[in-house]
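Structure below is protein.cif: mmCIF, C-alpha atoms.
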```
data_input
#
loop_
_atom_site.label_atom_id
_atom_site.label_comp_id
_atom_site.auth_asym_id
_atom_site.auth_seq_id
_atom_site.Cartn_x
_atom_site.Cartn_y
_atom_site.Cartn_z
CA MET A 1 64.29 82.73 115.46
CA ALA A 2 66.63 81.80 118.35
CA ARG A 3 68.48 84.67 120.02
CA GLN A 4 71.48 84.27 122.28
CA ALA A 5 70.78 85.02 125.97
CA HIS A 6 74.29 86.40 126.64
CA ALA A 7 76.50 89.25 125.46
CA TYR A 8 79.43 87.16 124.25
CA HIS A 9 80.51 86.49 120.68
CA MET A 10 80.12 82.96 119.33
CA VAL A 11 82.16 83.29 116.13
CA ASP A 12 81.25 81.71 112.80
CA PRO A 13 83.45 78.79 111.71
CA SER A 14 86.56 80.24 110.11
CA PRO A 15 89.35 78.80 107.95
CA TRP A 16 91.95 81.41 108.91
CA PRO A 17 93.52 79.67 111.94
CA LEU A 18 94.27 76.70 109.67
CA THR A 19 95.64 78.80 106.82
CA GLY A 20 97.74 80.77 109.34
CA ALA A 21 99.18 77.59 110.80
CA VAL A 22 100.04 76.30 107.33
CA ALA A 23 101.64 79.66 106.55
CA ALA A 24 103.89 79.21 109.60
CA LEU A 25 104.79 75.69 108.40
CA LEU A 26 105.62 76.90 104.89
CA MET A 27 107.67 79.87 106.13
CA THR A 28 109.77 77.84 108.55
CA SER A 29 110.39 74.87 106.27
CA GLY A 30 110.84 77.34 103.41
CA LEU A 31 113.57 79.02 105.43
CA ALA A 32 115.36 75.67 105.81
CA VAL A 33 114.94 74.89 102.11
CA TRP A 34 116.35 78.30 101.26
CA PHE A 35 119.39 77.75 103.45
CA HIS A 36 120.15 74.26 102.13
CA PHE A 37 118.86 74.20 98.56
CA ASN A 38 118.94 77.86 97.50
CA SER A 39 115.22 77.99 96.57
CA THR A 40 112.86 80.65 97.91
CA VAL A 41 109.63 79.23 96.40
CA LEU A 42 108.33 77.56 99.56
CA MET A 43 109.14 80.53 101.79
CA THR A 44 107.49 82.94 99.35
CA MET A 45 104.35 80.79 99.30
CA GLY A 46 104.34 80.90 103.10
CA LEU A 47 104.70 84.67 103.11
CA ALA A 48 101.86 85.09 100.60
CA LEU A 49 99.66 82.79 102.65
CA LEU A 50 100.50 84.76 105.81
CA LEU A 51 99.50 88.04 104.17
CA LEU A 52 96.25 86.55 102.83
CA THR A 53 95.44 85.12 106.27
CA MET A 54 96.11 88.39 108.09
CA TYR A 55 94.10 90.41 105.60
CA GLN A 56 91.03 88.13 105.71
CA TRP A 57 91.12 87.41 109.46
CA TRP A 58 91.29 91.07 110.43
CA ARG A 59 88.78 92.00 107.70
CA ASP A 60 86.38 89.49 109.30
CA ILE A 61 86.92 90.99 112.76
CA ILE A 62 86.00 94.42 111.36
CA ARG A 63 82.89 92.89 109.79
CA GLU A 64 81.92 91.17 113.04
CA GLY A 65 82.46 94.31 115.14
CA THR A 66 81.50 97.28 112.99
CA PHE A 67 78.90 95.70 110.72
CA GLN A 68 77.39 92.91 112.81
CA GLY A 69 77.58 94.55 116.24
CA HIS A 70 79.19 91.62 118.03
CA HIS A 71 81.65 93.77 119.99
CA THR A 72 79.50 94.37 123.07
CA PRO A 73 81.13 95.84 126.21
CA PRO A 74 82.20 92.46 127.66
CA VAL A 75 83.60 91.43 124.28
CA GLN A 76 85.48 94.72 123.98
CA LYS A 77 86.87 94.16 127.49
CA GLY A 78 88.26 90.83 126.32
CA LEU A 79 89.83 92.49 123.29
CA ARG A 80 91.44 95.07 125.59
CA TYR A 81 92.88 92.34 127.81
CA GLY A 82 94.15 90.58 124.70
CA MET A 83 95.95 93.63 123.36
CA ILE A 84 97.49 94.43 126.76
CA LEU A 85 98.75 90.86 127.10
CA PHE A 86 100.17 90.90 123.59
CA ILE A 87 102.03 94.17 124.20
CA THR A 88 103.32 92.76 127.50
CA SER A 89 104.71 89.75 125.64
CA GLU A 90 106.48 92.14 123.26
CA VAL A 91 107.96 94.00 126.23
CA PHE A 92 109.51 90.72 127.38
CA PHE A 93 110.76 90.09 123.85
CA PHE A 94 112.69 93.37 123.90
CA LEU A 95 113.78 92.82 127.49
CA GLY A 96 115.84 89.88 126.23
CA PHE A 97 117.78 92.03 123.78
CA PHE A 98 118.40 94.70 126.40
CA TRP A 99 119.66 91.95 128.72
CA ALA A 100 122.07 90.83 126.02
CA PHE A 101 123.28 94.40 125.50
CA TYR A 102 123.88 95.09 129.19
CA HIS A 103 125.49 91.66 129.70
CA SER A 104 128.16 92.49 127.13
CA SER A 105 128.54 96.21 127.76
CA LEU A 106 128.68 96.32 131.56
CA ALA A 107 131.66 93.91 131.67
CA PRO A 108 133.48 94.21 128.33
CA THR A 109 135.84 91.26 127.75
CA PRO A 110 139.59 91.58 127.02
CA GLU A 111 138.83 90.57 123.42
CA LEU A 112 136.94 93.85 123.06
CA GLY A 113 139.77 95.83 124.62
CA GLY A 114 138.15 95.84 128.07
CA CYS A 115 136.12 98.93 127.13
CA TRP A 116 132.72 99.89 125.70
CA PRO A 117 132.36 100.81 122.88
CA PRO A 118 134.89 98.12 121.97
CA THR A 119 138.23 99.11 120.45
CA GLY A 120 137.89 100.05 116.82
CA ILE A 121 134.13 100.76 116.95
CA ILE A 122 133.10 104.31 116.01
CA PRO A 123 129.64 104.73 117.58
CA LEU A 124 126.99 107.00 116.07
CA ASP A 125 126.78 110.48 117.61
CA PRO A 126 123.69 110.31 119.85
CA PHE A 127 123.03 114.03 119.39
CA GLU A 128 122.68 113.88 115.62
CA VAL A 129 120.13 111.71 113.73
CA PRO A 130 119.27 109.55 116.77
CA LEU A 131 118.17 112.67 118.66
CA LEU A 132 116.06 113.76 115.68
CA ASN A 133 114.51 110.29 115.65
CA THR A 134 113.66 110.70 119.32
CA ALA A 135 111.95 114.02 118.60
CA VAL A 136 110.06 112.50 115.66
CA LEU A 137 108.65 109.64 117.73
CA LEU A 138 107.78 111.88 120.68
CA ALA A 139 105.97 114.21 118.30
CA SER A 140 104.09 111.26 116.82
CA GLY A 141 102.96 110.35 120.34
CA VAL A 142 101.47 113.81 120.63
CA THR A 143 99.74 113.63 117.25
CA VAL A 144 98.22 110.22 117.96
CA THR A 145 96.83 111.57 121.24
CA TRP A 146 95.45 114.56 119.34
CA ALA A 147 93.79 112.12 116.94
CA HIS A 148 92.24 110.22 119.85
CA HIS A 149 90.77 113.35 121.40
CA SER A 150 89.47 114.39 117.99
CA ILE A 151 87.68 111.04 117.62
CA MET A 152 86.09 111.42 121.04
CA GLU A 153 85.03 114.98 120.22
CA ARG A 154 83.52 113.92 116.85
CA GLU A 155 85.95 116.06 114.84
CA ARG A 156 86.20 114.05 111.65
CA LYS A 157 88.57 116.28 109.71
CA GLN A 158 90.94 116.82 112.64
CA THR A 159 91.07 113.09 113.34
CA ILE A 160 92.06 112.40 109.75
CA GLN A 161 94.70 115.16 109.79
CA ALA A 162 96.21 114.09 113.13
CA LEU A 163 96.27 110.41 112.16
CA THR A 164 97.85 111.21 108.79
CA LEU A 165 100.51 113.31 110.52
CA THR A 166 101.26 110.46 112.93
CA ILE A 167 101.74 108.03 110.06
CA LEU A 168 103.96 110.48 108.15
CA LEU A 169 106.14 110.91 111.25
CA GLY A 170 106.40 107.12 111.47
CA PHE A 171 107.55 106.95 107.85
CA TYR A 172 110.02 109.78 108.47
CA PHE A 173 111.53 107.82 111.39
CA THR A 174 111.84 104.71 109.21
CA ALA A 175 113.47 106.66 106.40
CA LEU A 176 115.96 108.31 108.78
CA GLN A 177 116.83 104.95 110.37
CA ALA A 178 117.31 103.36 106.95
CA MET A 179 119.72 106.13 106.05
CA GLU A 180 121.56 105.71 109.36
CA TYR A 181 121.86 101.96 108.74
CA TYR A 182 123.32 102.61 105.31
CA GLU A 183 125.80 105.23 106.53
CA ALA A 184 126.86 103.52 109.77
CA PRO A 185 130.63 102.95 110.13
CA PHE A 186 130.02 99.50 111.66
CA THR A 187 127.99 96.44 110.62
CA ILE A 188 126.12 93.60 112.32
CA ALA A 189 129.24 91.49 111.86
CA ASP A 190 131.36 93.82 114.00
CA GLY A 191 131.44 91.74 117.13
CA VAL A 192 128.98 91.90 119.95
CA TYR A 193 128.57 95.69 119.54
CA GLY A 194 127.29 95.25 116.00
CA SER A 195 125.08 92.32 116.97
CA THR A 196 123.39 94.00 119.91
CA PHE A 197 123.01 97.30 118.07
CA PHE A 198 121.47 96.00 114.87
CA VAL A 199 119.32 93.24 116.37
CA ALA A 200 117.78 95.54 119.00
CA THR A 201 117.30 98.55 116.71
CA GLY A 202 116.35 96.30 113.81
CA PHE A 203 113.50 94.62 115.67
CA HIS A 204 112.42 98.03 116.90
CA GLY A 205 112.36 99.31 113.30
CA LEU A 206 110.22 96.34 112.30
CA HIS A 207 107.78 97.26 115.06
CA VAL A 208 107.68 100.86 113.82
CA ILE A 209 106.69 99.54 110.39
CA ILE A 210 104.04 97.27 111.90
CA GLY A 211 102.71 100.13 114.04
CA SER A 212 102.60 102.50 111.07
CA THR A 213 100.66 99.89 109.10
CA PHE A 214 98.19 99.44 111.97
CA LEU A 215 97.69 103.22 112.12
CA ALA A 216 97.25 103.37 108.34
CA VAL A 217 94.47 100.78 108.55
CA CYS A 218 92.86 102.89 111.28
CA LEU A 219 93.09 105.93 109.00
CA LEU A 220 91.27 104.08 106.21
CA ARG A 221 88.62 102.94 108.71
CA GLN A 222 88.23 106.45 110.09
CA ILE A 223 87.71 107.80 106.55
CA GLN A 224 85.06 105.13 106.04
CA TYR A 225 83.16 106.16 109.19
CA HIS A 226 83.85 102.94 111.13
CA PHE A 227 84.72 104.69 114.41
CA THR A 228 82.23 106.41 116.70
CA SER A 229 83.06 108.84 119.47
CA GLU A 230 82.19 106.15 122.04
CA HIS A 231 83.48 103.01 120.32
CA HIS A 232 86.82 102.97 118.50
CA PHE A 233 88.82 100.20 120.12
CA GLY A 234 90.78 99.39 116.93
CA PHE A 235 92.21 102.88 117.05
CA GLU A 236 92.95 102.65 120.78
CA ALA A 237 94.79 99.37 120.25
CA ALA A 238 96.88 100.99 117.49
CA ALA A 239 97.62 103.97 119.74
CA TRP A 240 98.69 101.70 122.63
CA TYR A 241 100.99 99.81 120.29
CA TRP A 242 102.42 103.06 118.96
CA HIS A 243 103.16 104.38 122.47
CA PHE A 244 104.86 101.04 123.25
CA VAL A 245 107.06 101.45 120.15
CA ASP A 246 107.91 104.98 121.27
CA VAL A 247 108.86 103.84 124.79
CA VAL A 248 111.08 101.05 123.44
CA TRP A 249 112.90 103.64 121.33
CA LEU A 250 113.46 105.85 124.39
CA PHE A 251 115.09 102.90 126.18
CA LEU A 252 117.15 102.08 123.08
CA TYR A 253 118.26 105.68 122.75
CA VAL A 254 119.29 106.08 126.38
CA SER A 255 120.95 102.64 126.69
CA ILE A 256 122.56 101.87 123.35
CA TYR A 257 122.97 105.23 121.64
CA TRP A 258 123.75 107.47 124.60
CA TRP A 259 125.14 105.43 127.52
CA GLY A 260 126.65 102.94 125.07
CA SER A 261 128.77 105.57 123.33
CA MET B 1 92.43 115.47 99.24
CA ILE B 2 92.37 118.49 101.55
CA PHE B 3 91.99 120.91 98.62
CA ALA B 4 89.00 119.00 97.30
CA THR B 5 86.91 120.17 100.26
CA PRO B 6 84.45 122.76 99.00
CA THR B 7 84.73 126.21 100.53
CA LYS B 8 82.42 126.52 103.48
CA VAL B 9 79.89 129.34 103.44
CA ALA B 10 78.70 130.36 106.90
CA SER B 11 75.04 130.00 105.96
CA HIS B 12 75.61 126.45 104.66
CA SER B 13 77.66 125.01 107.49
CA GLY B 14 74.72 123.39 109.22
CA GLU B 15 75.65 119.73 108.80
CA ALA B 16 79.18 118.44 108.18
CA VAL B 17 80.24 118.80 104.57
CA GLN B 18 80.97 115.40 103.05
CA TYR B 19 84.67 115.06 103.79
CA LEU B 20 86.32 112.22 101.88
CA GLY B 21 83.26 110.19 100.90
CA ALA B 22 79.81 109.29 102.18
CA ASN B 23 79.03 107.02 105.12
CA ARG B 24 78.32 103.54 103.80
CA VAL B 25 78.35 101.82 107.20
CA PRO B 26 74.53 101.53 107.55
CA ASP B 27 74.33 99.80 104.14
CA LEU B 28 77.14 97.44 105.08
CA GLN B 29 75.46 96.73 108.41
CA ARG B 30 72.33 95.73 106.53
CA LEU B 31 74.33 93.52 104.17
CA PHE B 32 76.26 91.70 106.87
CA GLN B 33 73.25 91.22 109.14
CA ARG B 34 71.18 89.36 106.52
CA SER B 35 69.98 86.06 107.99
CA ASP B 36 71.16 83.80 105.18
CA GLY B 37 73.35 81.45 107.21
CA VAL B 38 76.46 82.47 105.27
CA PRO B 39 79.57 82.71 107.49
CA VAL B 40 81.15 86.14 107.83
CA HIS B 41 84.20 85.32 105.70
CA LEU B 42 81.98 84.63 102.65
CA LYS B 43 79.19 87.10 103.34
CA ARG B 44 80.09 89.50 100.57
CA GLY B 45 79.65 86.86 97.88
CA VAL B 46 81.88 86.53 94.83
CA PRO B 47 84.98 88.55 95.88
CA ASP B 48 85.07 86.69 99.21
CA LYS B 49 84.70 83.33 97.52
CA LEU B 50 87.53 84.07 95.06
CA LEU B 51 89.91 85.17 97.80
CA TYR B 52 88.97 82.19 99.98
CA ARG B 53 89.54 79.71 97.16
CA THR B 54 92.89 81.27 96.28
CA THR B 55 93.94 81.08 99.93
CA MET B 56 92.80 77.46 100.30
CA ALA B 57 94.53 76.46 97.06
CA LEU B 58 97.76 77.97 98.39
CA THR B 59 97.19 76.20 101.73
CA ILE B 60 96.63 72.73 100.30
CA GLY B 61 99.09 73.10 97.43
CA GLY B 62 101.67 74.56 99.77
CA THR B 63 101.29 71.75 102.29
CA LEU B 64 101.78 69.12 99.59
CA TYR B 65 104.77 71.00 98.13
CA CYS B 66 106.21 71.31 101.61
CA LEU B 67 105.82 67.59 102.36
CA VAL B 68 107.50 66.68 99.07
CA ALA B 69 110.33 69.16 99.72
CA LEU B 70 110.85 67.82 103.25
CA TYR B 71 110.82 64.24 101.99
CA MET B 72 113.45 65.09 99.37
CA ALA B 73 115.49 67.06 101.87
CA SER B 74 115.56 64.10 104.23
CA GLN B 75 117.09 61.79 101.61
CA PRO B 76 120.79 61.24 102.23
CA ARG B 77 123.10 62.78 99.62
CA LYS B 78 126.02 60.85 98.19
CA ARG B 79 129.29 62.56 99.12
#
```
Output the file's structure in the form of structure tokens.
Amino acid sequence: MARQAHAYHMVDPSPWPLTGAVAALLMTSGLAVWFHFNSTVLMTMGLALLLLTMYQWWRDIIREGTFQGHHTPPVQKGLRYGMILFITSEVFFFLGFFWAFYHSSLAPTPELGGCWPPTGIIPLDPFEVPLLNTAVLLASGVTVTWAHHSIMERERKQTIQALTLTILLGFYFTALQAMEYYEAPFTIADGVYGSTFFVATGFHGLHVIIGSTFLAVCLLRQIQYHFTSEHHFGFEAAAWYWHFVDVVWLFLYVSIYWWGS
Amino acid sequence: MIFATPTKVASHSGEAVQYLGANRVPDLQRLFQRSDGVPVHLKRGVPDKLLYRTTMALTIGGTLYCLVALYMASQPRKR
């Protein structure tokens, strides 16, 4: 039986890149159909296909790594590079929204009253719920680090507890932000203040939800004994992403909530 | 979940008490490393095949639906 003479992973043929591409097609054209013809069928099909693709693609990666042993050290190095590059691209994504915020807030136009916050805007008090949110995310950074050390020290129960706590803190942040959104005295339609506020914090909130989901998957995998004390890159990737989400919030808090009030 | 853990007795705490289920990874490793030529996305048999076929049906059906919708959308409308 032929054996490969290298440590790299030659993947089995997979249909998921195709189904993912079609999902993108259906979601984008579905968006256009929704706007012009008031039908959400195509977009919903695209969303369903996207979820199916993500589930099966990542399930296969877990099978290839944990069950088939394909994630050798050089392969894991590649995965690390990949995650770092992805997070870097997300940093640039947020950089754009911060650019937009500073562009408008550093030189407020006469239409806004020549001041920031613009005339008529009642900003949120940065020392109320936003400060609590900051504490919640900082605490979750501590708990995820606790979970990591517990994995490395082969403490199964502590890992599960710390990871669960991290996820609960993530949900708490999301719930608090949702309440803030509901109670806010201004909306996304309130000029450039509303736009910059809700687009920047909104995308951040989406990333909190994505990060919480990633951590939840890691929790399920930890319960099912997938991680070893030496090899647990899926968890590390989730932790990196979570720290990134935390750092973005700190910038949002200081710039938009605090300086911007 | 946490309260389901049996109380530890000092004399019994040699090996870790089963916390939240047994380790099925070695069995799964055996399953997924069988040399049967089946690609990883179908290796588990029937559940994999069902999910794959559903996904493919949505892919092909969705593409056709999308092409029809785009064709219709590109037809000029009488004002």
Can I get the residues of chain B within 10 Å of chain A, each with the closest pair of atoms and their distance in Å to one decimal, using only C-alpha atoms, sorted chain first then ascending number, as a Markdown table?
```
| residue | atom | partner | partner_atom | distance |
| --- | --- | --- | --- | --- |
| B:Ile2 | CA | A:Gln161 | CA | 9.2 |
| B:Ala16 | CA | A:Arg156 | CA | 9.0 |
| B:Tyr19 | CA | A:Lys157 | CA | 7.2 |
| B:Leu20 | CA | A:Ile223 | CA | 6.6 |
| B:Gly21 | CA | A:Gln224 | CA | 7.4 |
| B:Ala22 | CA | A:Gln224 | CA | 7.7 |
| B:Asn23 | CA | A:Tyr225 | CA | 5.9 |
| B:Arg24 | CA | A:Gln224 | CA | 7.3 |
| B:Val25 | CA | A:Tyr225 | CA | 6.8 |
| B:Pro26 | CA | A:Phe67 | CA | 7.9 |
| B:Asp27 | CA | A:Phe67 | CA | 9.0 |
| B:Leu28 | CA | A:Phe67 | CA | 6.2 |
| B:Gln29 | CA | A:Phe67 | CA | 4.3 |
| B:Arg30 | CA | A:Phe67 | CA | 7.8 |
| B:Leu31 | CA | A:Phe67 | CA | 8.3 |
| B:Phe32 | CA | A:Phe67 | CA | 6.1 |
| B:Gln33 | CA | A:Gln68 | CA | 5.8 |
| B:Arg34 | CA | A:Gln68 | CA | 9.5 |
| B:Ser35 | CA | A:Met1 | CA | 10.0 |
| B:Gly37 | CA | A:Asp12 | CA | 9.7 |
| B:Val38 | CA | A:Asp12 | CA | 9.0 |
| B:Pro39 | CA | A:Asp12 | CA | 5.7 |
| B:Val40 | CA | A:Asp60 | CA | 6.4 |
| B:His41 | CA | A:Asp60 | CA | 5.9 |
| B:Leu42 | CA | A:Asp60 | CA | 9.3 |
| B:Lys43 | CA | A:Arg63 | CA | 9.4 |
| B:Asp48 | CA | A:Gln56 | CA | 8.9 |
| B:Leu51 | CA | A:Leu52 | CA | 8.2 |
| B:Tyr52 | CA | A:Gln56 | CA | 8.5 |
| B:Thr54 | CA | A:Leu52 | CA | 9.1 |
| B:Thr55 | CA | A:Leu49 | CA | 6.6 |
| B:Met56 | CA | A:Thr19 | CA | 7.2 |
| B:Ala57 | CA | A:Leu49 | CA | 9.9 |
| B:Leu58 | CA | A:Leu49 | CA | 6.7 |
| B:Thr59 | CA | A:Thr19 | CA | 5.9 |
| B:Ile60 | CA | A:Val22 | CA | 8.6 |
| B:Gly61 | CA | A:Met45 | CA | 9.5 |
| B:Gly62 | CA | A:Met45 | CA | 6.8 |
| B:Thr63 | CA | A:Val22 | CA | 6.9 |
| B:Tyr65 | CA | A:Leu42 | CA | 7.6 |
| B:Cys66 | CA | A:Leu26 | CA | 6.5 |
| B:Leu67 | CA | A:Ser29 | CA | 9.4 |
| B:Ala69 | CA | A:Val33 | CA | 7.7 |
| B:Leu70 | CA | A:Ser29 | CA | 7.7 |
| B:Ala73 | CA | A:Val33 | CA | 7.9 |
```
Within 10 Å of Ser261 of chain A using all atoms listed in the file, minus same-chain residues under 2 positions, as a list of chain:residue names: A:Trp116, A:Pro117, A:Pro118, A:Ile121, A:Ile122, A:Pro123, A:Leu124, A:Asp125, A:Pro126, A:Val254, A:Ser255, A:Ile256, A:Tyr257, A:Trp258, A:Trp259
Nearby residues (only C-alpha atoms) at most 12 Å from Trp99 of chain A, same-chain spacing under 6 positions excluded, as a list in words: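 Listing them by chain and then by number gives Phe92, Phe93, Ser105, Leu106, Thr196, Ala200, Leu252, Ser255 and Ile256 of chain A.
The environment of Val217 of chain A within 12 Å, counting all atoms listed in the file and disregarding residues fewer than 5 places along the same chain, consists of Tyr55, Trp58, Arg59, Ile62, Ile160, Leu163, Thr164, Ile167, Ile210, Gly211, Ser212, Gln222, Ile223, Gln224, His226, Gly234, Phe235, Ala237 and Ala238 of chain A.
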For atom CA of Met152 of chain A and atom CA of Glu230 of chain A, the interatomic separation in Å (one decimal):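 Separating atom CA of Met152 of chain A from atom CA of Glu230 of chain A is a distance of 6.6 Å.
Coordinates place atom CA of Thr28 of chain A at a distance of 14.8 Å from atom CA of Leu64 of chain B.
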Expansion of the PyMOL selection byres ((chain A and resi 199) around 12) into residues, as number ranges by chain: A: 93-94, 96-98, 100-101, 181, 187-189, 192-198, 200-206, 252, 256
Between atom CA of Tyr102 of chain A and atom CA of Tyr172 of chain A - distance in Å to one decimal: 28.9 Å
Residues matched by the PyMOL selection byres ((chain A and resi 241) around 10) as a list in words: Met83, Ile84, Phe86, Ile87, Glu90, His207, Val208, Ile210, Gly211, Ser212, Phe214, Leu215, Phe235, Glu236, Ala237, Ala238, Ala239, Trp240, Trp242, His243, Phe244, Val245, Asp246 and Val247 of chain A
Could you work out an axis-aligned box for segment 86-97 of chain A, taking every atom the file lists and adding 6 Å on each side, and report centre and edge lengths in Å to one decimal, as lines of an AutoDock Vina configuration file?
```
center_x = 109.0
center_y = 92.0
center_z = 125.4
size_x = 29.6
size_y = 16.4
size_z = 16.2
```
Residue nearest Ala162 of chain A among A:Asp190, A:Arg3, A:Leu219, A:Glu183 (counting all atoms listed in the file): A:Leu219
Residues in the PyMOL selection byres ((chain A and resi 142-148) around 6), expressed as a PyMOL selection string: chain A and resi 139-141+149-151+159+162-163+166
